[in-house]
Each structure stands twice: as structure tokens, then as C-alpha cells.
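Everything below concerns the one structure shown next.
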Amino acid sequence: SAKPIIAPSILASDFSRLGDEVRAIEGSADWVHVDVMDNHFVPNLTIGLPVVRSLREVTKIPFDVHLMITDPEQWAPGYAEAGAHNVTFHAEACENPVALAKTLRAAGAKAGLAIDRDTPVEPYLELLPYVDTVLIMTIKAGFGGQKFLPEMLDKVRDVRRRITAKDLAVRLEVDGGIAADTIAQAAEAGADAFVAGTAVYGAEDPAEAIRKLRALAVA
Ligand code: DX5
Ligand code: ZN
């Protein structure tokens, strides 16, 4: 797989100082992961388009937007237009993933397909040529700070096998419970992009935590 990407999730940061929290990881992280929740697709509410627009003004780091919302067709293109590098929507919430990925790419973003804990990957493997990122949840989407579910790694292996077999340029991202004690297993299974909320923003020194994760993210 490609050089690992470390994407700290600002869900675990101090929302009263969001700009500073993003800038604190600018030199050490590859992307910043932005968890958008609508209290409908998941039972939790976070931030949305106005916050992404404001943050876009104060940092150069690529935004990895993770939409845990219903009706992504309505909202996802706005994030692409707001300058997100990657916009990931949930398979469970989307009627036509290929069409939405096409729309996102036309709006200048990479398109990501997320698979939640209770969703199998098999029905989606044929969609891989149409997306740039596949995000496998290694927890149930909705909250940070949950325990990593190693049984999700079978899905990572299945997706990696398909990416390799078809020689696709698809990023394989894992999200949930990624920390120093779990990241190597995920890399071993074939992940090459790693979201980490608590493990980065809960650390004394976020930049040091990122370096440590990066060193462990080798298959
Ligand atoms: C949860 C979010 C995750 C979350 C990860 O629904 O999608 O990105 O922020 O947090 P940690 O790393 O603490 O599990
Ligand atoms: Zn996320």
C-alpha cells in the first residue's frame, strides 16, 4: 500500500479553540478528519458546513470530511465546494453511491465510501473503481473514545484484496479506536489511512502522538 496517512479527528479536540487545535497538528498530520453528525444517521450532533468553511480559512491542511448524516446527496457537494480534500459519505445512507462520488469528483473533491460496523463490504466491492477512499469503521459510528473492534479487520482485508487484484488507486481508511496498541494490526490488514481522535488529542503532545502512530503504521 501507499505511504500511510494519519488523520487526527477534531471530534476529540477542544471545540472552544478549534482553529488552534487544527494548527497544532498541521506540521505532523497528513489530513485533519472532520466528523459531521446530524443526530439522525447517528445519535449525536457535531459540526457542519459553517464550521468547515471557517476552518478552511485558517489552515492549509487537507480536510477529510466524514459525513455521518442521512441524505448525503443533499449536503456532501457543499463540503466539496467549501474546499474539502476528501468527502466521505456512508453506504447505509446513500441511494446511489456511484452518482454521488461522480458529483463530488466534479466538484473537485475525492470521494469516499464509509461502511459502518454492522454493514458487510461484499455488496460494495464492485463500487471500488468509482471512489477514491473506502473508510471501514472499526467501531459503531457516532462517538469517539470507543474500543477498537478487531473483527472489523476482515473487512479491511477483503477490501485490500480487491484493491490489489484490480490495481486500484483507492485509499483504505480505518476509523475508531485507532491508537498505539491497535494501529499496527490495521496496517497489517491493509489499511493505509488512519483516523485517530482520542489517541492524538487526548495525548499530552499531539504532534508526538502522531509521530508515534506513523512509526507504527507499517505493514
Ligand atoms: C466516530 C468518528 C470517529 C471518531 C474516532 O463516529 O467517526 O472519527 O472521532 O475517535 P477515536 O479515535 O477516539 O475512536
Ligand atoms: Zn470519523
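Residues are referred to by chain and number: the chain letter is A, B, ... according to the order shown in the C-alpha cells, the number counts from 1 in that chain, and ligands are numbered separately from 1 in the order shown.
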Distance limit 9 Å, reference ligand 2, atoms considered: only C-alpha atoms and all ligand atoms. Which residues make the cut? Give them as an MDAnalysis selection string. chainID A and resid 9 11 33:36 64:68 135 137 141:144 174:176 195:197
Restricting it to C-alpha atoms, dump the selection as a PDB file, in the first residue's frame.
ATOM      1  CA  SER A   9     -10.122  13.640  14.343  1.00  0.00           C
ATOM      2  CA  LEU A  11     -14.013  15.373  17.466  1.00  0.00           C
ATOM      3  CA  HIS A  33     -10.577  14.347   9.985  1.00  0.00           C
ATOM      4  CA  VAL A  34     -13.829  16.260  10.429  1.00  0.00           C
ATOM      5  CA  ASP A  35     -16.712  14.236  11.873  1.00  0.00           C
ATOM      6  CA  VAL A  36     -20.050  15.643  10.770  1.00  0.00           C
ATOM      7  CA  ASP A  64     -11.019  14.649   5.399  1.00  0.00           C
ATOM      8  CA  VAL A  65     -14.750  15.152   5.947  1.00  0.00           C
ATOM      9  CA  HIS A  66     -16.663  12.159   7.322  1.00  0.00           C
ATOM     10  CA  LEU A  67     -20.390  12.639   6.872  1.00  0.00           C
ATOM     11  CA  MET A  68     -22.422  10.617   9.361  1.00  0.00           C
ATOM     12  CA  LEU A 135     -13.492   4.034   5.159  1.00  0.00           C
ATOM     13  CA  MET A 137     -15.482   1.794  10.737  1.00  0.00           C
ATOM     14  CA  ALA A 141     -20.197   5.299  14.130  1.00  0.00           C
ATOM     15  CA  GLY A 142     -21.446   8.004  16.479  1.00  0.00           C
ATOM     16  CA  PHE A 143     -18.962   8.637  19.253  1.00  0.00           C
ATOM     17  CA  GLY A 144     -15.240   8.969  19.830  1.00  0.00           C
ATOM     18  CA  VAL A 174      -9.870   2.871   9.282  1.00  0.00           C
ATOM     19  CA  ASP A 175     -11.739   4.907  11.876  1.00  0.00           C
ATOM     20  CA  GLY A 176     -12.437   4.182  15.518  1.00  0.00           C
ATOM     21  CA  VAL A 195      -8.134   8.268  11.788  1.00  0.00           C
ATOM     22  CA  ALA A 196      -7.247   8.879  15.427  1.00  0.00           C
ATOM     23  CA  GLY A 197      -9.195  11.151  17.753  1.00  0.00           C
TER      24      GLY A 197
END
Contacts of A:Asp118 at 12 Å (only C-alpha atoms; same-chain gap of 4+ positions) as number ranges by chain: A: 91-92, 114, 136-141, 149, 151-152, 155
Next, dump the selected residues to file, keeping only N, CA and C atoms, as a compact mmCIF listing (two decimals), in the first residue's frame.
# COMPACT_ATOMS: atom_id res chain seq x y z
N ALA A 91 -22.36 4.40 3.08
CA ALA A 91 -23.07 3.49 2.17
C ALA A 91 -24.52 3.29 2.62
N GLU A 92 -24.70 3.21 3.95
CA GLU A 92 -26.03 2.92 4.51
C GLU A 92 -27.01 4.08 4.28
N ALA A 114 -18.03 5.13 3.18
CA ALA A 114 -17.83 4.59 4.53
C ALA A 114 -18.77 3.43 4.79
N ILE A 136 -13.45 2.07 6.54
CA ILE A 136 -14.03 0.98 7.32
C ILE A 136 -14.10 1.42 8.78
N MET A 137 -15.31 1.46 9.32
CA MET A 137 -15.48 1.79 10.74
C MET A 137 -14.99 0.62 11.57
N THR A 138 -14.11 0.91 12.53
CA THR A 138 -13.63 -0.13 13.44
C THR A 138 -14.27 0.05 14.83
N ILE A 139 -15.40 0.77 14.82
CA ILE A 139 -16.32 0.92 15.95
C ILE A 139 -17.70 1.11 15.29
N LYS A 140 -18.75 1.31 16.11
CA LYS A 140 -20.02 1.76 15.53
C LYS A 140 -19.96 3.28 15.47
N ALA A 141 -20.27 3.85 14.31
CA ALA A 141 -20.20 5.30 14.13
C ALA A 141 -21.09 6.02 15.13
N LEU A 149 -12.62 -2.58 17.39
CA LEU A 149 -13.20 -3.90 17.16
C LEU A 149 -12.34 -4.68 16.15
N GLU A 151 -12.51 -7.53 14.94
CA GLU A 151 -13.23 -8.35 13.95
C GLU A 151 -13.56 -7.56 12.68
N MET A 152 -13.45 -6.23 12.74
CA MET A 152 -13.68 -5.42 11.54
C MET A 152 -12.53 -5.55 10.54
N LYS A 155 -12.98 -7.11 7.11
CA LYS A 155 -13.47 -6.23 6.03
C LYS A 155 -12.32 -5.48 5.38
Report the residues of stretch 40-118 of chain A whose backbone DSSP state falls under strand (DSSP E), written as a VMD selection string. chain A and resid 63 to 68 86 to 90 110 to 115
Hey, what does DSSP flag as helix (DSSP H, G or I) within stretch 58-209 of chain A? Can you give it to me as a ChimeraX atom specification? /A:72-81,91-93,97-106,122-130,150-166,183-189,198-201,206-209
Contact residues around A:Val170 with only C-alpha atoms at 10 Å, ignoring same-chain residues under 2 positions, as a PyMOL selection string: chain A and resi 1-2+111-112+128-134+159-160+163-164+167-168+172-173+192
Include C-alpha atoms and write out the residues we just selected as a PDB file, in the first residue's frame.
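Output below, filename out-v1.pdb:
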ATOM      1  CA  SER A   1       0.000   0.000   0.000  1.00  0.00           C
ATOM      2  CA  ALA A   2       0.892   3.686  -0.262  1.00  0.00           C
ATOM      3  CA  ALA A 111     -14.984  10.742  -2.917  1.00  0.00           C
ATOM      4  CA  GLY A 112     -15.098   8.333  -0.011  1.00  0.00           C
ATOM      5  CA  LEU A 128     -14.317   0.476  -5.708  1.00  0.00           C
ATOM      6  CA  PRO A 129     -13.371   1.737  -9.192  1.00  0.00           C
ATOM      7  CA  TYR A 130     -15.695   4.727  -8.685  1.00  0.00           C
ATOM      8  CA  VAL A 131     -14.387   6.013  -5.333  1.00  0.00           C
ATOM      9  CA  ASP A 132     -11.079   7.383  -4.041  1.00  0.00           C
ATOM     10  CA  THR A 133     -11.364   6.258  -0.432  1.00  0.00           C
ATOM     11  CA  VAL A 134     -13.037   3.435   1.434  1.00  0.00           C
ATOM     12  CA  VAL A 159     -11.229  -4.513   0.520  1.00  0.00           C
ATOM     13  CA  ARG A 160      -7.424  -4.585   0.324  1.00  0.00           C
ATOM     14  CA  ILE A 163      -7.839  -3.075  -4.460  1.00  0.00           C
ATOM     15  CA  THR A 164      -4.738  -5.165  -5.133  1.00  0.00           C
ATOM     16  CA  ASP A 167      -4.772  -2.493  -9.146  1.00  0.00           C
ATOM     17  CA  LEU A 168      -6.918   0.436  -7.985  1.00  0.00           C
ATOM     18  CA  LEU A 172      -8.208   2.297   2.616  1.00  0.00           C
ATOM     19  CA  GLU A 173      -9.001   4.147   5.819  1.00  0.00           C
ATOM     20  CA  ASP A 192      -3.143   2.880   4.638  1.00  0.00           C
TER      21      ASP A 192
END
Nearest candidate to ligand 1 (options A:Lys147, A:Arg105, A:Lys60, A:Arg17; using only C-alpha atoms and all ligand atoms): A:Lys147
Nearest residue to ligand 1 out of A:Pro62, A:Gly78, A:Gly19, A:Pro43, using only C-alpha atoms and all ligand atoms?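 Residue with the minimum atom-to-atom distance to ligand 1: A:Pro43.
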Under the rule that only C-alpha atoms are counted, which of A:Leu18, A:Val32, A:Ile47, A:Ile25 is the nearest residue to A:His85? A:Val32
Separation of atom 3 (C, counted along the ligand's line) of ligand 1 from atom CA of A:Thr119 in Å: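 Interatomic distance, atom CA of A:Thr119 to atom 3 (C, counted along the ligand's line) of ligand 1: 16.5 Å.
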Using only C-alpha atoms, determine which residues lie at most 12 Å from A:Pro50, disregarding the query and same-chain residues fewer than 5 positions distant; provide the list as a list in words. Val36, Leu55, Arg56, Glu57, Gly78, Tyr79 and Ala82 of chain A
Please save C-alpha atoms of the selected residues as an mmCIF file, in the first residue's frame.
data_model
loop_
_atom_site.group_PDB
_atom_site.id
_atom_site.type_symbol
_atom_site.label_atom_id
_atom_site.label_comp_id
_atom_site.auth_asym_id
_atom_site.auth_seq_id
_atom_site.Cartn_x
_atom_site.Cartn_y
_atom_site.Cartn_z
ATOM 1 C CA VAL A 36 -20.050 15.643 10.770
ATOM 2 C CA LEU A 55 -11.687 26.413 9.456
ATOM 3 C CA ARG A 56 -10.776 26.333 5.770
ATOM 4 C CA GLU A 57 -9.708 29.991 6.152
ATOM 5 C CA GLY A 78 -21.372 21.681 -0.259
ATOM 6 C CA TYR A 79 -18.357 20.288 1.582
ATOM 7 C CA ALA A 82 -16.096 24.509 0.755
#
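Counting only C-alpha atoms and all ligand atoms, the residue from A:Lys110, A:Arg117, A:Arg53, A:Lys102 that sits nearest to ligand 1 is A:Arg117.
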Quick one: distance from atom CA of A:Ala217 to atom CA of A:Ala187 in Å, one decimal?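 Taking atom CA of A:Ala217 and atom CA of A:Ala187, their separation equals 5.6 Å.
With only C-alpha atoms and all ligand atoms as the atoms that count, the minimum distance from ligand 1 to the choices A:Ser28, A:Gln185, A:Thr46, A:Thr70 is reached by A:Thr46.
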